[in-house]
Amino acid sequence: MSDEVVVFDVNETLLDLRALAPRFETLLPVTLMGLWFARMLHNSLVASMTASYASFDRQGVDALMATASSVGVQVTEAQAADVVAGMDELPPHPDVIPALQRLARAGFRMAAFTNSALPVATAQINNAGLDSYFERVLSVDGIRIFKPAPETYRFAAAQLGVPIGAIRLVAAHAWDVTGAMRAGAKAAFVARRGAVLGPLSETPDIIEPDLIATAEAILNQGRNAR
């Protein structure tokens with residue numbers, strides 16, 4: 001077994017955001033979900049750069065109201081909050097549990113680390129039936145700055161009691177992989193639905209199309225390290 005701790009991003013990496021579509025389309029066309037989530041991430045980046053923290057669910061409410069306004073639809077804060085609350089109940093992608101089972105059987109330490117607020121993150125992991133696989137569910141709430149700020153990955157390493165170089169961040173987002181690697185961690189990119197790394201992104205030593213293949217690559221590296 002490798003000494004590294006495998007740390008998983010949550011939204012989109014473990015949990016399928018597409019399941020939010022029925023709730024989302026009560027307010028807006030489902031084609032706008034991508035724009036909404038991108039705006040949510042944009043909001044969090046602005047918050048980090050300007051040292052003005054509000055939780056990820058609050059960023060999501062703001063982003064949804066702004067997305068609606070941009071297409072001439074008026075959405076109340078309560079309506080937006082009801083949609084965002086659906087993120088608590090996202091199901092895992094089909095490849096998640098088999099991948100986690102393989103790593104667990106091999107004895108890897110595993111944790112979840114997300115931009116979601118800790119109560120939301122805990123509900124997400126519990127509702128998805130993934131809590132037994134993770135020794136910790138970590139949230140940027142503990143440092144009040146969002147990924148991909150380098151401080152967040154160092155915070156995760158400190159919470160897990162290991163140096164930053166012993167962390168391997170597994171994520172389906174290029175920005176998350178890049179942030180982790182620039183902070184000194186290792187990473188693995190899960191290229192879901194044909195996602196790619198841009199030329200300015202960091203390139204990890206593991207890039208796979210799904211989480212099962214990612215887990216196998218991590219296991220192979222662990223065997224080779226013996």
# chains A, B, ... in the order shown; residues from 1 in each chain; ligands from 1
$ closest_atom_pairs --of "region 10-114 of chain A" --to "region 174-188 of chain A" --cutoff "12 Å" --atoms "only C-alpha atoms" --output "CSV"
residue,atom,partner,partner_atom,distance
A:Val10,CA,A:Asp176,CA,11.1
A:Asn11,CA,A:Asp176,CA,11.4
A:Glu12,CA,A:Asp176,CA,11.7
A:Thr13,CA,A:Asp176,CA,10.6
A:Ala38,CA,A:Trp175,CA,11.8
A:Leu41,CA,A:Trp175,CA,10.2
A:His42,CA,A:Trp175,CA,11.5
A:Leu45,CA,A:Trp175,CA,10.8
A:Phe113,CA,A:Asp176,CA,10.8
A:Thr114,CA,A:Asp176,CA,10.1
$ write_last_selection --atoms "N, CA and C atoms" --output "PDB file, in the first residue's frame"
ATOM      1  N   VAL A  10     -15.865  16.424  -4.447  1.00  0.00           N
ATOM      2  CA  VAL A  10     -17.201  15.853  -4.279  1.00  0.00           C
ATOM      3  C   VAL A  10     -18.119  16.139  -5.467  1.00  0.00           C
ATOM      4  N   ASN A  11     -18.431  17.418  -5.719  1.00  0.00           N
ATOM      5  CA  ASN A  11     -19.404  17.763  -6.754  1.00  0.00           C
ATOM      6  C   ASN A  11     -18.851  17.484  -8.147  1.00  0.00           C
ATOM      7  N   GLU A  12     -19.530  16.635  -8.873  1.00  0.00           N
ATOM      8  CA  GLU A  12     -19.185  16.172 -10.210  1.00  0.00           C
ATOM      9  C   GLU A  12     -18.131  15.068 -10.219  1.00  0.00           C
ATOM     10  N   THR A  13     -17.179  15.085  -9.288  1.00  0.00           N
ATOM     11  CA  THR A  13     -16.208  13.995  -9.230  1.00  0.00           C
ATOM     12  C   THR A  13     -16.855  12.740  -8.654  1.00  0.00           C
ATOM     13  N   ALA A  38     -21.038  27.228 -13.544  1.00  0.00           N
ATOM     14  CA  ALA A  38     -19.831  27.998 -13.856  1.00  0.00           C
ATOM     15  C   ALA A  38     -19.846  29.346 -13.140  1.00  0.00           C
ATOM     16  N   LEU A  41     -18.950  28.792  -9.484  1.00  0.00           N
ATOM     17  CA  LEU A  41     -17.501  28.682  -9.318  1.00  0.00           C
ATOM     18  C   LEU A  41     -16.838  30.042  -9.465  1.00  0.00           C
ATOM     19  N   HIS A  42     -17.316  30.824 -10.432  1.00  0.00           N
ATOM     20  CA  HIS A  42     -16.768  32.179 -10.626  1.00  0.00           C
ATOM     21  C   HIS A  42     -16.968  33.013  -9.364  1.00  0.00           C
ATOM     22  N   LEU A  45     -14.445  32.086  -6.756  1.00  0.00           N
ATOM     23  CA  LEU A  45     -13.111  32.600  -7.057  1.00  0.00           C
ATOM     24  C   LEU A  45     -13.001  34.078  -6.707  1.00  0.00           C
ATOM     25  N   PHE A 113     -13.027  16.164   0.071  1.00  0.00           N
ATOM     26  CA  PHE A 113     -12.668  17.563   0.305  1.00  0.00           C
ATOM     27  C   PHE A 113     -13.389  18.425  -0.722  1.00  0.00           C
ATOM     28  N   THR A 114     -14.196  19.351  -0.239  1.00  0.00           N
ATOM     29  CA  THR A 114     -15.105  20.069  -1.119  1.00  0.00           C
ATOM     30  C   THR A 114     -15.213  21.548  -0.779  1.00  0.00           C
TER      31      THR A 114
END
$ atom_distance --atom1 "CA of Ala54 (chain A)" --atom2 "CA of Arg18 (chain A)"
24.3 Å
$ residues_around --residues "Gly86 (chain A)" --least-positions-apart "3" --cutoff "8 Å" --atoms "only C-alpha atoms" --output "ChimeraX atom specification"
/A:20,23,82-83,89-90
$ write_last_selection --atoms "N, CA and C atoms" --output "mmCIF file, in the first residue's frame"
data_model
loop_
_atom_site.group_PDB
_atom_site.id
_atom_site.type_symbol
_atom_site.label_atom_id
_atom_site.label_comp_id
_atom_site.auth_asym_id
_atom_site.auth_seq_id
_atom_site.Cartn_x
_atom_site.Cartn_y
_atom_site.Cartn_z
ATOM 1 N N LEU A 20 -29.787 17.065 -10.498
ATOM 2 C CA LEU A 20 -30.468 18.280 -10.032
ATOM 3 C C LEU A 20 -31.391 18.853 -11.111
ATOM 4 N N ARG A 23 -35.287 19.577 -10.593
ATOM 5 C CA ARG A 23 -35.552 20.697 -9.678
ATOM 6 C C ARG A 23 -35.173 22.020 -10.349
ATOM 7 N N ASP A 82 -34.165 26.720 -2.699
ATOM 8 C CA ASP A 82 -34.792 25.396 -2.783
ATOM 9 C C ASP A 82 -34.097 24.537 -3.838
ATOM 10 N N VAL A 83 -33.724 25.131 -4.956
ATOM 11 C CA VAL A 83 -33.006 24.384 -5.996
ATOM 12 C C VAL A 83 -31.627 23.976 -5.496
ATOM 13 N N GLU A 89 -28.721 15.987 -2.057
ATOM 14 C CA GLU A 89 -29.265 14.657 -2.345
ATOM 15 C C GLU A 89 -28.770 14.098 -3.679
ATOM 16 N N LEU A 90 -27.660 14.588 -4.183
ATOM 17 C CA LEU A 90 -27.140 14.090 -5.453
ATOM 18 C C LEU A 90 -26.672 12.645 -5.315
#
$ residues_around --residues "Ala78 (chain A)" --least-positions-apart "2" --cutoff "12 Å" --atoms "only C-alpha atoms" --output "list in words"
Leu27, Arg58, Val61, Asp62, Leu64, Met65, Gln74, Val75, Thr76, Ala80, Ala81, Asp82, Val83, Val84 and Ala85 of chain A
$ write_last_selection --atoms "N, CA and C atoms" --output "mmCIF file, in the first residue's frame"
data_model
loop_
_atom_site.group_PDB
_atom_site.id
_atom_site.type_symbol
_atom_site.label_atom_id
_atom_site.label_comp_id
_atom_site.auth_asym_id
_atom_site.auth_seq_id
_atom_site.Cartn_x
_atom_site.Cartn_y
_atom_site.Cartn_z
ATOM 1 N N LEU A 27 -37.516 26.241 -12.583
ATOM 2 C CA LEU A 27 -37.279 27.681 -12.667
ATOM 3 C C LEU A 27 -36.724 28.113 -14.019
ATOM 4 N N ARG A 58 -24.531 29.571 -0.581
ATOM 5 C CA ARG A 58 -24.923 30.970 -0.781
ATOM 6 C C ARG A 58 -24.430 31.476 -2.132
ATOM 7 N N VAL A 61 -26.917 30.211 -4.669
ATOM 8 C CA VAL A 61 -28.164 30.975 -4.702
ATOM 9 C C VAL A 61 -27.973 32.263 -5.488
ATOM 10 N N ASP A 62 -26.902 32.978 -5.194
ATOM 11 C CA ASP A 62 -26.596 34.213 -5.909
ATOM 12 C C ASP A 62 -26.441 33.941 -7.407
ATOM 13 N N LEU A 64 -27.640 31.487 -9.187
ATOM 14 C CA LEU A 64 -28.896 31.092 -9.825
ATOM 15 C C LEU A 64 -29.787 32.304 -10.069
ATOM 16 N N MET A 65 -29.842 33.204 -9.108
ATOM 17 C CA MET A 65 -30.647 34.412 -9.288
ATOM 18 C C MET A 65 -30.090 35.268 -10.422
ATOM 19 N N GLN A 74 -37.378 36.352 -13.263
ATOM 20 C CA GLN A 74 -37.200 36.778 -11.883
ATOM 21 C C GLN A 74 -37.390 35.581 -10.945
ATOM 22 N N VAL A 75 -36.370 35.307 -10.167
ATOM 23 C CA VAL A 75 -36.386 34.189 -9.229
ATOM 24 C C VAL A 75 -36.149 34.739 -7.832
ATOM 25 N N THR A 76 -36.950 34.332 -6.873
ATOM 26 C CA THR A 76 -36.759 34.801 -5.505
ATOM 27 C C THR A 76 -35.607 34.049 -4.844
ATOM 28 N N ALA A 80 -34.527 30.056 -5.341
ATOM 29 C CA ALA A 80 -33.166 29.656 -5.677
ATOM 30 C C ALA A 80 -32.586 28.748 -4.614
ATOM 31 N N ALA A 81 -32.853 29.070 -3.348
ATOM 32 C CA ALA A 81 -32.336 28.255 -2.245
ATOM 33 C C ALA A 81 -32.917 26.850 -2.283
ATOM 34 N N ASP A 82 -34.165 26.720 -2.699
ATOM 35 C CA ASP A 82 -34.792 25.396 -2.783
ATOM 36 C C ASP A 82 -34.097 24.537 -3.838
ATOM 37 N N VAL A 83 -33.724 25.131 -4.956
ATOM 38 C CA VAL A 83 -33.006 24.384 -5.996
ATOM 39 C C VAL A 83 -31.627 23.976 -5.496
ATOM 40 N N VAL A 84 -30.910 24.920 -4.923
ATOM 41 C CA VAL A 84 -29.551 24.641 -4.452
ATOM 42 C C VAL A 84 -29.560 23.577 -3.357
ATOM 43 N N ALA A 85 -30.612 23.556 -2.549
ATOM 44 C CA ALA A 85 -30.716 22.543 -1.494
ATOM 45 C C ALA A 85 -30.742 21.130 -2.060
#
$ closest_residue --among "A:Ala117, A:Leu28, A:Ala19, A:Ala112" --to "Phe56 (chain A)" --atoms "only C-alpha atoms"
A:Ala117
$ residues_around --residues "Asn115 (chain A)" --least-positions-apart "6" --cutoff "7 Å" --atoms "only C-alpha atoms" --output "MDAnalysis selection string"
chainID A and resid 56 139:140 146:147
$ write_last_selection --atoms "N, CA and C atoms" --output "PDB file, in the first residue's frame"
ATOM      1  N   PHE A  56     -20.580  28.081  -0.057  1.00  0.00           N
ATOM      2  CA  PHE A  56     -20.776  27.680  -1.445  1.00  0.00           C
ATOM      3  C   PHE A  56     -22.261  27.622  -1.804  1.00  0.00           C
ATOM      4  N   SER A 139     -14.117  20.397   4.491  1.00  0.00           N
ATOM      5  CA  SER A 139     -14.726  21.513   3.775  1.00  0.00           C
ATOM      6  C   SER A 139     -13.838  22.747   3.895  1.00  0.00           C
ATOM      7  N   VAL A 140     -13.879  23.572   2.864  1.00  0.00           N
ATOM      8  CA  VAL A 140     -13.146  24.837   2.926  1.00  0.00           C
ATOM      9  C   VAL A 140     -13.732  25.776   3.967  1.00  0.00           C
ATOM     10  N   PHE A 146     -11.881  29.366  -0.863  1.00  0.00           N
ATOM     11  CA  PHE A 146     -12.276  28.273  -1.726  1.00  0.00           C
ATOM     12  C   PHE A 146     -11.102  27.666  -2.492  1.00  0.00           C
ATOM     13  N   LYS A 147     -11.212  26.366  -2.777  1.00  0.00           N
ATOM     14  CA  LYS A 147     -10.345  25.772  -3.784  1.00  0.00           C
ATOM     15  C   LYS A 147     -10.557  26.541  -5.089  1.00  0.00           C
TER      16      LYS A 147
END
$ closest_residue --among "A:Gly72, A:Gly60, A:Pro209, A:Gly161" --to "Arg109 (chain A)" --atoms "only C-alpha atoms"
A:Gly161
$ closest_residue --among "A:Ala217, A:Ile164, A:Leu103, A:Met110" --to "Val190 (chain A)" --atoms "only C-alpha atoms"
A:Ala217
$ select_by_dssp --residues "region 1-206 of chain A" --states "alpha helix (DSSP H)" --output "ChimeraX atom specification"
/A:21-24,33-49,56-70,77-85,96-105,118-127,150-160,174-182
$ atom_distance --atom1 "CA of Tyr53 (chain A)" --atom2 "CA of Ile167 (chain A)"
25.1 Å
$ atom_distance --atom1 "CA of Leu169 (chain A)" --atom2 "CA of Ala21 (chain A)"
27.3 Å
$ select_by_dssp --residues "region 7-216 of chain A" --states "strand (DSSP E)" --output "list in words"
Val7, Phe8, Arg109, Met110, Ala111, Ala112, Phe113, Thr114, Arg136, Val137, Leu138, Ser139, Ile167, Arg168, Leu169, Val170, Ala171, Lys186, Ala187, Ala188, Phe189, Val190, Ile206, Ile207 and Glu208 of chain A
$ closest_residue --among "A:Asn220, A:Gln159, A:Thr50, A:Ser201" --to "Val7 (chain A)" --atoms "only C-alpha atoms"
A:Gln159
$ residues_around --residues "Phe189 (chain A)" --least-positions-apart "5" --cutoff "6 Å" --atoms "only C-alpha atoms" --output "PyMOL selection string"
chain A and resi 171-172+207
$ residues_around --residues "Tyr133 (chain A)" --least-positions-apart "4" --cutoff "9 Å" --atoms "only C-alpha atoms" --output "PyMOL selection string"
chain A and resi 97+100-101+104+109-111
